[in-house]
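With mmCIF, N, CA and C atoms inside, this is run27.cif:
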data_my_file
loop_
_atom_site.label_atom_id
_atom_site.label_comp_id
_atom_site.auth_asym_id
_atom_site.auth_seq_id
_atom_site.Cartn_x
_atom_site.Cartn_y
_atom_site.Cartn_z
N MET A 1 136.58 19.73 111.52
CA MET A 1 135.63 20.70 111.00
C MET A 1 135.50 20.47 109.50
N ASN A 2 134.27 20.50 109.02
CA ASN A 2 134.08 20.34 107.58
C ASN A 2 133.98 21.70 106.90
N LYS A 3 133.96 21.70 105.57
CA LYS A 3 133.97 22.96 104.81
C LYS A 3 132.78 23.85 105.16
N ASP A 4 131.60 23.26 105.35
CA ASP A 4 130.41 24.06 105.68
C ASP A 4 130.58 24.83 106.98
N GLU A 5 131.21 24.21 107.97
CA GLU A 5 131.44 24.89 109.24
C GLU A 5 132.48 26.00 109.11
N SER A 6 133.50 25.78 108.28
CA SER A 6 134.57 26.78 108.16
C SER A 6 134.10 28.03 107.42
N ASP A 7 133.09 27.92 106.56
CA ASP A 7 132.62 29.08 105.81
C ASP A 7 132.14 30.21 106.72
N ILE A 8 131.65 29.89 107.90
CA ILE A 8 131.16 30.96 108.78
C ILE A 8 132.29 31.81 109.33
N PHE A 9 133.54 31.34 109.18
CA PHE A 9 134.66 32.09 109.72
C PHE A 9 135.47 32.79 108.64
N ILE A 10 135.03 32.72 107.40
CA ILE A 10 135.79 33.34 106.30
C ILE A 10 135.09 34.61 105.87
N THR A 11 135.68 35.75 106.19
CA THR A 11 135.12 37.04 105.86
C THR A 11 135.82 37.58 104.63
N GLU A 12 135.07 38.00 103.64
CA GLU A 12 135.64 38.56 102.41
C GLU A 12 135.76 40.07 102.56
N PHE A 13 136.89 40.60 102.14
CA PHE A 13 137.09 42.04 102.15
C PHE A 13 136.58 42.61 100.82
N PRO A 14 135.75 43.64 100.86
CA PRO A 14 135.25 44.22 99.60
C PRO A 14 136.38 44.89 98.82
N LYS A 15 136.48 44.61 97.54
CA LYS A 15 137.58 45.14 96.73
C LYS A 15 137.23 46.45 96.05
N LYS A 16 135.97 46.64 95.73
CA LYS A 16 135.57 47.81 94.95
C LYS A 16 135.82 49.11 95.73
N GLY A 17 136.54 50.03 95.08
CA GLY A 17 136.78 51.34 95.68
C GLY A 17 137.96 51.40 96.63
N PHE A 18 138.72 50.31 96.76
CA PHE A 18 139.85 50.28 97.68
C PHE A 18 141.13 50.06 96.89
N GLU A 19 142.19 50.77 97.29
CA GLU A 19 143.51 50.56 96.70
C GLU A 19 144.07 49.22 97.17
N ILE A 20 145.08 48.71 96.48
CA ILE A 20 145.62 47.38 96.79
C ILE A 20 146.14 47.30 98.23
N ILE A 21 146.80 48.33 98.72
CA ILE A 21 147.32 48.27 100.10
C ILE A 21 146.17 48.20 101.10
N ASP A 22 145.07 48.90 100.81
CA ASP A 22 143.89 48.84 101.68
C ASP A 22 143.28 47.44 101.65
N GLN A 23 143.24 46.84 100.46
CA GLN A 23 142.71 45.49 100.33
C GLN A 23 143.55 44.50 101.13
N LEU A 24 144.87 44.61 101.03
CA LEU A 24 145.75 43.70 101.76
C LEU A 24 145.61 43.88 103.26
N GLN A 25 145.58 45.13 103.72
CA GLN A 25 145.41 45.38 105.16
C GLN A 25 144.06 44.86 105.64
N GLY A 26 143.03 45.06 104.84
CA GLY A 26 141.70 44.57 105.21
C GLY A 26 141.65 43.06 105.29
N ARG A 27 142.31 42.39 104.35
CA ARG A 27 142.34 40.93 104.37
C ARG A 27 143.04 40.41 105.61
N VAL A 28 144.14 41.06 105.98
CA VAL A 28 144.86 40.65 107.19
C VAL A 28 143.98 40.86 108.42
N GLN A 29 143.35 42.02 108.50
CA GLN A 29 142.49 42.31 109.64
C GLN A 29 141.35 41.29 109.74
N PHE A 30 140.67 41.03 108.63
CA PHE A 30 139.57 40.08 108.66
C PHE A 30 140.06 38.66 108.97
N ALA A 31 141.24 38.29 108.47
CA ALA A 31 141.78 36.96 108.77
C ALA A 31 142.02 36.81 110.27
N ILE A 32 142.60 37.84 110.88
CA ILE A 32 142.85 37.78 112.32
C ILE A 32 141.54 37.76 113.10
N LEU A 33 140.58 38.58 112.69
CA LEU A 33 139.27 38.57 113.37
C LEU A 33 138.59 37.22 113.24
N ASP A 34 138.66 36.60 112.06
CA ASP A 34 138.09 35.26 111.87
C ASP A 34 138.79 34.25 112.78
N GLN A 35 140.12 34.36 112.90
CA GLN A 35 140.87 33.46 113.76
C GLN A 35 140.45 33.64 115.22
N ILE A 36 140.29 34.88 115.65
CA ILE A 36 139.86 35.15 117.03
C ILE A 36 138.48 34.53 117.28
N LYS A 37 137.54 34.78 116.36
CA LYS A 37 136.19 34.22 116.52
C LYS A 37 136.23 32.70 116.63
N PHE A 38 137.00 32.06 115.76
CA PHE A 38 137.07 30.61 115.76
C PHE A 38 137.71 30.10 117.05
N MET A 39 138.80 30.73 117.47
CA MET A 39 139.47 30.28 118.69
C MET A 39 138.57 30.44 119.90
N LYS A 40 137.75 31.51 119.92
CA LYS A 40 136.80 31.70 121.02
C LYS A 40 135.77 30.57 121.05
N THR A 41 135.31 30.13 119.86
CA THR A 41 134.34 29.03 119.82
C THR A 41 134.94 27.73 120.33
N LEU A 42 136.26 27.61 120.26
CA LEU A 42 136.94 26.43 120.78
C LEU A 42 137.18 26.54 122.29
N GLY A 43 136.84 27.70 122.86
CA GLY A 43 136.99 27.88 124.30
C GLY A 43 138.36 28.36 124.72
N ILE A 44 139.15 28.84 123.78
CA ILE A 44 140.47 29.35 124.11
C ILE A 44 140.32 30.72 124.77
N ASN A 45 141.03 30.93 125.86
CA ASN A 45 140.88 32.20 126.60
C ASN A 45 141.59 33.34 125.87
N ASP A 46 141.19 34.55 126.22
CA ASP A 46 141.70 35.74 125.55
C ASP A 46 143.23 35.87 125.62
N ALA A 47 143.80 35.55 126.77
CA ALA A 47 145.25 35.67 126.92
C ALA A 47 145.98 34.73 125.97
N GLU A 48 145.48 33.51 125.82
CA GLU A 48 146.11 32.54 124.91
C GLU A 48 145.92 32.96 123.45
N ILE A 49 144.74 33.46 123.11
CA ILE A 49 144.50 33.96 121.74
C ILE A 49 145.48 35.07 121.42
N TYR A 50 145.62 36.00 122.32
CA TYR A 50 146.54 37.13 122.16
C TYR A 50 147.96 36.62 121.92
N LYS A 51 148.39 35.68 122.76
CA LYS A 51 149.74 35.13 122.67
C LYS A 51 149.96 34.42 121.33
N VAL A 52 149.04 33.56 120.95
CA VAL A 52 149.18 32.78 119.72
C VAL A 52 149.24 33.68 118.49
N ILE A 53 148.32 34.64 118.42
CA ILE A 53 148.27 35.51 117.24
C ILE A 53 149.54 36.36 117.14
N LEU A 54 149.96 36.96 118.24
CA LEU A 54 151.19 37.77 118.20
C LEU A 54 152.41 36.93 117.85
N GLU A 55 152.50 35.71 118.37
CA GLU A 55 153.62 34.84 118.03
C GLU A 55 153.61 34.50 116.54
N ASN A 56 152.43 34.23 115.99
CA ASN A 56 152.33 33.89 114.57
C ASN A 56 152.73 35.07 113.69
N VAL A 57 152.27 36.25 114.03
CA VAL A 57 152.62 37.44 113.25
C VAL A 57 154.12 37.70 113.34
N GLN A 58 154.68 37.54 114.54
CA GLN A 58 156.13 37.73 114.72
C GLN A 58 156.92 36.75 113.87
N LYS A 59 156.48 35.49 113.80
CA LYS A 59 157.16 34.49 112.97
C LYS A 59 157.13 34.87 111.50
N ILE A 60 155.99 35.37 111.04
CA ILE A 60 155.87 35.78 109.64
C ILE A 60 156.87 36.90 109.34
N ILE A 61 156.92 37.89 110.22
CA ILE A 61 157.84 39.03 110.02
C ILE A 61 159.28 38.55 110.10
N ASP A 62 159.60 37.73 111.09
CA ASP A 62 160.97 37.22 111.24
C ASP A 62 161.39 36.41 110.02
N ASN A 63 160.51 35.54 109.53
CA ASN A 63 160.84 34.73 108.35
C ASN A 63 161.06 35.61 107.13
N TYR A 64 160.27 36.65 106.99
CA TYR A 64 160.46 37.57 105.88
C TYR A 64 161.81 38.27 106.00
N ASN A 65 162.12 38.75 107.20
CA ASN A 65 163.40 39.43 107.43
C ASN A 65 164.58 38.49 107.19
N LEU A 66 164.46 37.24 107.61
CA LEU A 66 165.53 36.28 107.38
C LEU A 66 165.76 36.08 105.89
N LYS A 67 164.68 35.95 105.12
CA LYS A 67 164.80 35.76 103.69
C LYS A 67 165.41 37.00 103.04
N GLU A 68 164.95 38.17 103.44
CA GLU A 68 165.48 39.42 102.89
C GLU A 68 166.98 39.54 103.16
N ASN A 69 167.40 39.22 104.38
CA ASN A 69 168.81 39.33 104.75
C ASN A 69 169.66 38.31 104.00
N LYS A 70 169.08 37.13 103.74
CA LYS A 70 169.81 36.10 103.01
C LYS A 70 170.01 36.51 101.55
N ASP A 71 169.01 37.19 100.97
CA ASP A 71 169.09 37.63 99.57
C ASP A 71 170.01 38.82 99.40
N ASN A 72 170.23 39.61 100.46
CA ASN A 72 171.07 40.82 100.39
C ASN A 72 172.18 40.74 101.44
N PRO A 73 173.22 39.96 101.18
CA PRO A 73 174.28 39.79 102.21
C PRO A 73 175.07 41.05 102.44
#

Final structure tokens representation of the file:
Amino acid sequence: MNKDESDIFITEFPKKGFEIIDQLQGRVQFAILDQIKFMKTLGINDAEIYKVILENVQKIIDNYNLKENKDNP
């Protein structure tokens, strides 16, 4: 995929009038929605999309927890 094709899947979250936590949550939501849209265009079925996204989010949380636990023995 070239840059021109990827632009259709990148949604910007509006910053004006939103607190930082709202901006971060919005960016995560839009990133996941963009990922779902793109995976659907590749023909990936809903069950696999669900599985992949949940596994990725779980890895992010687990890696954060591992780092936190390592820093605070």

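Taking atom N of Ile32 (chain A) and atom C of Asn69 (chain A) as the two end points, the separation is 27.9 Å.
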
Margin query: To one decimal place in Å, what is the distance between atom C of Gln35 (chain A) and CA of Ile53 (chain A)?
Written below: 8.3 Å

Check: By how many Å are CA of Glu48 (chain A) and CA of Leu66 (chain A) apart?
Finding: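 One can read the CA of Glu48 (chain A) to CA of Leu66 (chain A) distance as 26.4 Å.
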
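In terms of minimum interatomic distance to Tyr50 (chain A), A:Ile36 ranks closest within A:Ile36, A:Lys15, A:Leu24, A:Lys70, counting only C-alpha atoms.
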
Margin query: Residues near Pro14 (chain A), anyone? I mean within 8 Å using only N, CA and C atoms, not counting same-chain ones fewer than 2 positions away, as number ranges by chain.
Written below: A: 11-12, 16-18, 22-23, 26-27
